[in-house]
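To keep things clear, I will list the structure first and then write my remarks on it.
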Amino acid sequence: MKIEDIVTRIQDETEGVPIRTVKSFMTKIPSVVTGTDIVQWLIKDLSIEDPAEAMHMGSLIAAQGYFFPISDHVLSLKDDGTFYRFQAPYFWPSNCWEPENTDYAIYLCKRTMQNKTRLELADYEAENLARLQRAFSRKWEFIYMQAEAQVKIDRKRDKSERKILDSQERAFWDVHRPVVSRCLYTLPTSSDSFNHYGCSITYETISCCSVRKPAETNSDSSCFLFQILFLNTQLDRHRMKMSKVAESLITYTEQYMEYDPFVTAPEPSNPWTSDDPSFWDLEASKEPSQQRVKKWGFSLEEALKDPAGQELFLKFLESEFSSENLRFWLAVQDLKRMPQQEVGQRAQDIWAEFLAEGAPSSINLDSHSYERTSQNLKDPGRYSYEDAQDHIYKLMKSDSYTRFLRSNVYQDLLMARKKVCVSMFVINQRLSFVYIPIF
Amino acid sequence: MERPRFTPKMSRCLHQVAEKVEGLGQFVMKTRRTLKGHGNKVLCMDWCKDKRRIVSSSQDGKVIVWDAFTTNKEHAVTMPCTWVMACAYAPSGCAVACGGLDNKCSVYPLSLDKNENLAAKKKSVAMHTNYLSACSFTNSDMQILTSSGDGTCALWDVESGQLLQSFHGHAADVLCLDLAPSETGNTFVSGGCDKKANVWDMRSGQCIQSFETHESDINSVRYYPSGDAFASGSDDATCRLYDLRADREVAIYSKESIIFGVSSVDFSLSGRLLFGGYNDYTINVWDVLKGTRVSILFGHENRVSTLRVSPDGTAFCTGSWDHTLRIWA
């Protein structure tokens, strides 16, 4: 577990932080390290550039109770001379030992027996003890005896050792029975023993807890056969070279970066930062910006994705008397989106409109696709026209789309703003000549 | 038994090829809106196509629809179960889907009449044998894709509740899914507790590609905008990029100082930035091409459980166990 790796390394005698006994007024404080030492070590060991990040990480580790300040109950980290002590592995959260209320009762009871000011109960602890006494009134004698036994054992320990153990035990209870008021970093409430969503076993339905374990693997031969088939298909797959793939990703990203609001500020402004929704109003308007028109030239997919682009492309196709291709493609897209009940009828309608003998919007399919499609129609489904749609799309892409990009309707729209911009530029130039002061 | 790892000798990763690409400048990203109203951990959220409305769901069973721009709550529904781990907005903007420990996915039509009881119109669509971990409408209000703790994904017809296709292949809980962005595509990717990310053909139910390089549960998968690759976020504290044409992992996003799991990932519009929500309450922003971390964002007071970029890329929203949602830009 990564946190424990870090906590183990940080206590290492040679590579870790300096843990030492500090002399204080009339007494010695054993086994402590300063907050600054911890922060500095985190920065160095984990190559962190920003001290704030080291503080954040340190605070999270503290909130889990892996180390704690010796003077108060707040489980966080301060980057100063405050003293901290490391928690004993026995008390580490990863042991997944969820302590019972009886354990807590024994602990509080023990504290009251020890007659030390540093072990005096805080108000919330005294309240808890009172509540527990009422709840466990029947077995209080047992609890008392347990507490006595523990105190006896403790007395035999060396003074320094007792100080350390007492503080570690107290820190353990700070994690499991915290003060009710909100602390700086709330403890992440899930631990590895709970499932992915942190469902507590006691309160939630059974359906959520058994889930973490992998499903029982089917060990019969059909399963292995399937795996072999799958792996063979993978072996036969054509893979593109890494360099080509990388170039393709880079090219795509660079092309779209001017449209990415996180990289290039949108015009007139990002509605979330300026509180002005004009950007959205402009995008929704019937007059597409030059930037948007430019995007239609990236790919047929982009042109069709934008309703304005799709409209213009359709108009262009109408002028070439080949609009039935796009209309067929759109109809098949619609078919795939229909409720299951309506799919059969719609599939038949599409056949009648586009593919049947003497169809009003007859499309041109190669004989192979035509055969396959008519076979599919015997049991019409939402994917009956996949082949045909694919064929028509490729046709539009290689033929009509390239002509569309060179067409007047598209070029005019693309250049229209440019013309205006050029004239504005010229006017500005003229004005700038006028403005030069003559001395 | 340890699986031997195959590392091709000649492989270069994306970051090496992208060394020539110009670096990004400094980013100023801040919380622009904070949505308060959930009484418990926020588990999931989704954007509406209108780029400003969102739906969110939480541990106490509440599903809320907000206009994130004004921060007003527009609808609220209380589900009969707790831990609503999945929610999705319909493409038309007229309905939302949600589910969780009830093992179901239900669709609620959103009416304009604020007084109307939404719960009355609820329609139960999907039925799994274990919790629902994720759901998504396909490009219409009529079909929903779900993933579940029972190890399967499924495609459902909303109107009839009929199962159209089921997808078997994961060896453990499936935790996340994402549909390919292409208008012509029929594929989706899923990630699970078996550390695998699988790409599926929706028509046949077949798994067409599988990737297993993560060292722990995959909590989130998201397609790169071109649809040629996808990113994943895992409990192993790394995000990875897998390219479908190269059929392998092409980049890994990690740092020694990041040791908490990633709960949720999403790309900016161009695919240049990858946003990751982490269990240590932070958001790390990665330069997808160069592999460096561009920014770390603080703000949430508990783990970030869900993260989505808005449909036009102007902002991203995070939901957290601290009961709030934040919009960042």
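By convention in this document, the chains of the structure tokens carry letters A, B, ... by their order, each chain's residues are numbered from 1, and ligands are numbered from 1 in the order they are shown.
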
Worksheet item: Which residues of chain B are close to chain A, meaning at most 8 Å apart when you count only C-alpha atoms, and how do they look as a ChimeraX atom specification?
Response: /B:11-14,17-18,32,69,101,130-131,139-143,149-151,157-160,171-173,182-183,193-194,203,209,226,243,245-247,250,256-257,259,268-272,280,289,301-303,313-315,329

Worksheet item: What lies within 7 Å of Phe230 in chain B using only C-alpha atoms, ignoring chain neighbours under 3 positions off, as a ChimeraX atom specification?
Response: /B:221-224,241-243

Practice prompt. Find the spatial neighbours of Val309 in chain B, counting only C-alpha atoms, within a cut-off of 10 Å - ignore same-chain residues fewer than 2 positions away - and output them as a PyMOL selection string.
Written response: chain B and resi 46-47+51+265-269+274-275+307+311-318+327-329

Practice prompt. Please indicate the distance in Å from CA of Gln290 in chain A to CA of Asp50 in chain B, rounded to one decimal place.
Written response: 21.8 Å

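Among the candidates B:Cys81, B:Ala119, B:Ala88, B:Val304, the residue lying nearest to Lys41 in chain B is B:Val304 (atoms considered: only C-alpha atoms).
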
Practice prompt. Measure the distance from CA of Ala62 in chain A to CA of Leu129 in chain A in Å and round it to one decimal.
Written response: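 About the pair CA of Ala62 in chain A and CA of Leu129 in chain A: they are 25.8 Å apart.
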
Item to complete: Could you please determine the separation between CA of Gly39 in chain B and CA of Gly99 in chain B in Å, to one decimal place?
Response: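 Answer for the CA of Gly39 in chain B to CA of Gly99 in chain B separation: 17.7 Å.
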
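Secondary structure of range 23-212 of chain B, helix (DSSP H, G or I) only (DSSP, backbone atoms): B:Leu118, B:Ala119, B:Ala120, B:Lys121.
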
Discussion item. Using only C-alpha atoms, which protein or nucleic acid residues come within 9 Å of range 161-175 of chain A? Drop anything in the same chain fewer than 2 positions from it, and give the result as JSON, numbers by chain.
Written reply: {"A": [29, 30, 31, 63, 64, 65, 66, 67, 68, 69, 70, 73, 74, 75, 85, 86, 87, 88, 91, 92, 93, 104, 107, 119, 154, 155, 157, 158, 159, 177, 178, 179, 187]}

Discussion item. I'd like the neighbourhood of Asp103 in chain A as a list in words, where a residue qualifies if any of its atoms comes within 12 Å (using only C-alpha atoms), though same-chain residues fewer than 3 positions away should be ignored.
Written reply: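 Within the cut-off, the hits are Trp97, Glu98, Pro99, Glu100, Ile106, Tyr107, Leu108, Cys109, Lys110, Leu129, Leu132, Phe136, Phe142, Ile143, Tyr144, Gln146, Ala147, Gln150, Glu169, Phe172, Trp173, His176 and Arg177 of chain A.
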
Would you mind exporting N, CA and C atoms of the selected residues as a PDB file, in the first residue's frame?
ATOM      1  N   TRP A  97      -9.085  -2.933  11.429  1.00  0.00           N
ATOM      2  CA  TRP A  97      -9.683  -3.346  12.692  1.00  0.00           C
ATOM      3  C   TRP A  97     -10.605  -2.233  13.163  1.00  0.00           C
ATOM      4  N   GLU A  98     -11.881  -2.482  12.999  1.00  0.00           N
ATOM      5  CA  GLU A  98     -12.851  -1.485  13.402  1.00  0.00           C
ATOM      6  C   GLU A  98     -13.179  -1.717  14.873  1.00  0.00           C
ATOM      7  N   PRO A  99     -12.718  -0.822  15.758  1.00  0.00           N
ATOM      8  CA  PRO A  99     -12.877  -1.112  17.194  1.00  0.00           C
ATOM      9  C   PRO A  99     -14.331  -0.991  17.663  1.00  0.00           C
ATOM     10  N   GLU A 100     -14.639  -1.824  18.630  1.00  0.00           N
ATOM     11  CA  GLU A 100     -16.001  -1.835  19.158  1.00  0.00           C
ATOM     12  C   GLU A 100     -16.151  -0.804  20.253  1.00  0.00           C
ATOM     13  N   ILE A 106     -13.442   0.557  27.614  1.00  0.00           N
ATOM     14  CA  ILE A 106     -12.301   0.101  28.417  1.00  0.00           C
ATOM     15  C   ILE A 106     -11.220   1.164  28.405  1.00  0.00           C
ATOM     16  N   TYR A 107     -10.985   1.712  27.230  1.00  0.00           N
ATOM     17  CA  TYR A 107      -9.941   2.739  27.083  1.00  0.00           C
ATOM     18  C   TYR A 107     -10.240   3.975  27.927  1.00  0.00           C
ATOM     19  N   LEU A 108     -11.462   4.483  27.838  1.00  0.00           N
ATOM     20  CA  LEU A 108     -11.816   5.694  28.596  1.00  0.00           C
ATOM     21  C   LEU A 108     -11.759   5.427  30.092  1.00  0.00           C
ATOM     22  N   CYS A 109     -12.213   4.253  30.459  1.00  0.00           N
ATOM     23  CA  CYS A 109     -12.200   3.855  31.872  1.00  0.00           C
ATOM     24  C   CYS A 109     -10.765   3.841  32.390  1.00  0.00           C
ATOM     25  N   LYS A 110      -9.882   3.266  31.583  1.00  0.00           N
ATOM     26  CA  LYS A 110      -8.462   3.186  31.934  1.00  0.00           C
ATOM     27  C   LYS A 110      -7.893   4.585  32.164  1.00  0.00           C
ATOM     28  N   LEU A 129     -18.031   8.696  27.826  1.00  0.00           N
ATOM     29  CA  LEU A 129     -17.909   7.710  28.901  1.00  0.00           C
ATOM     30  C   LEU A 129     -19.232   7.553  29.636  1.00  0.00           C
ATOM     31  N   LEU A 132     -21.592   5.579  27.523  1.00  0.00           N
ATOM     32  CA  LEU A 132     -21.228   4.172  27.450  1.00  0.00           C
ATOM     33  C   LEU A 132     -21.554   3.450  28.745  1.00  0.00           C
ATOM     34  N   PHE A 136     -23.756   0.190  28.699  1.00  0.00           N
ATOM     35  CA  PHE A 136     -23.191  -1.095  29.111  1.00  0.00           C
ATOM     36  C   PHE A 136     -23.364  -1.354  30.595  1.00  0.00           C
ATOM     37  N   PHE A 142     -17.270  -6.001  34.064  1.00  0.00           N
ATOM     38  CA  PHE A 142     -16.315  -6.652  33.168  1.00  0.00           C
ATOM     39  C   PHE A 142     -15.379  -5.616  32.543  1.00  0.00           C
ATOM     40  N   ILE A 143     -15.987  -4.522  32.088  1.00  0.00           N
ATOM     41  CA  ILE A 143     -15.195  -3.461  31.452  1.00  0.00           C
ATOM     42  C   ILE A 143     -14.197  -2.879  32.447  1.00  0.00           C
ATOM     43  N   TYR A 144     -14.671  -2.656  33.644  1.00  0.00           N
ATOM     44  CA  TYR A 144     -13.805  -2.090  34.688  1.00  0.00           C
ATOM     45  C   TYR A 144     -12.615  -2.992  34.957  1.00  0.00           C
ATOM     46  N   GLN A 146     -11.232  -5.183  32.920  1.00  0.00           N
ATOM     47  CA  GLN A 146     -10.331  -5.115  31.772  1.00  0.00           C
ATOM     48  C   GLN A 146      -9.447  -3.878  31.866  1.00  0.00           C
ATOM     49  N   ALA A 147     -10.078  -2.754  32.219  1.00  0.00           N
ATOM     50  CA  ALA A 147      -9.327  -1.493  32.317  1.00  0.00           C
ATOM     51  C   ALA A 147      -8.264  -1.602  33.400  1.00  0.00           C
ATOM     52  N   GLN A 150      -5.294  -3.618  32.270  1.00  0.00           N
ATOM     53  CA  GLN A 150      -4.433  -2.877  31.339  1.00  0.00           C
ATOM     54  C   GLN A 150      -3.558  -1.880  32.088  1.00  0.00           C
ATOM     55  N   GLU A 169      -2.045   5.422  21.357  1.00  0.00           N
ATOM     56  CA  GLU A 169      -3.387   4.900  21.594  1.00  0.00           C
ATOM     57  C   GLU A 169      -4.421   6.020  21.492  1.00  0.00           C
ATOM     58  N   PHE A 172      -5.047   6.854  17.923  1.00  0.00           N
ATOM     59  CA  PHE A 172      -5.908   5.833  17.326  1.00  0.00           C
ATOM     60  C   PHE A 172      -7.376   6.153  17.585  1.00  0.00           C
ATOM     61  N   TRP A 173      -7.684   6.529  18.827  1.00  0.00           N
ATOM     62  CA  TRP A 173      -9.070   6.855  19.161  1.00  0.00           C
ATOM     63  C   TRP A 173      -9.513   8.177  18.556  1.00  0.00           C
ATOM     64  N   HIS A 176     -10.828   6.969  15.292  1.00  0.00           N
ATOM     65  CA  HIS A 176     -12.041   6.154  15.285  1.00  0.00           C
ATOM     66  C   HIS A 176     -13.193   6.706  16.100  1.00  0.00           C
ATOM     67  N   ARG A 177     -12.908   7.597  17.027  1.00  0.00           N
ATOM     68  CA  ARG A 177     -13.972   8.240  17.805  1.00  0.00           C
ATOM     69  C   ARG A 177     -13.644   9.733  17.863  1.00  0.00           C
TER      70      ARG A 177
END
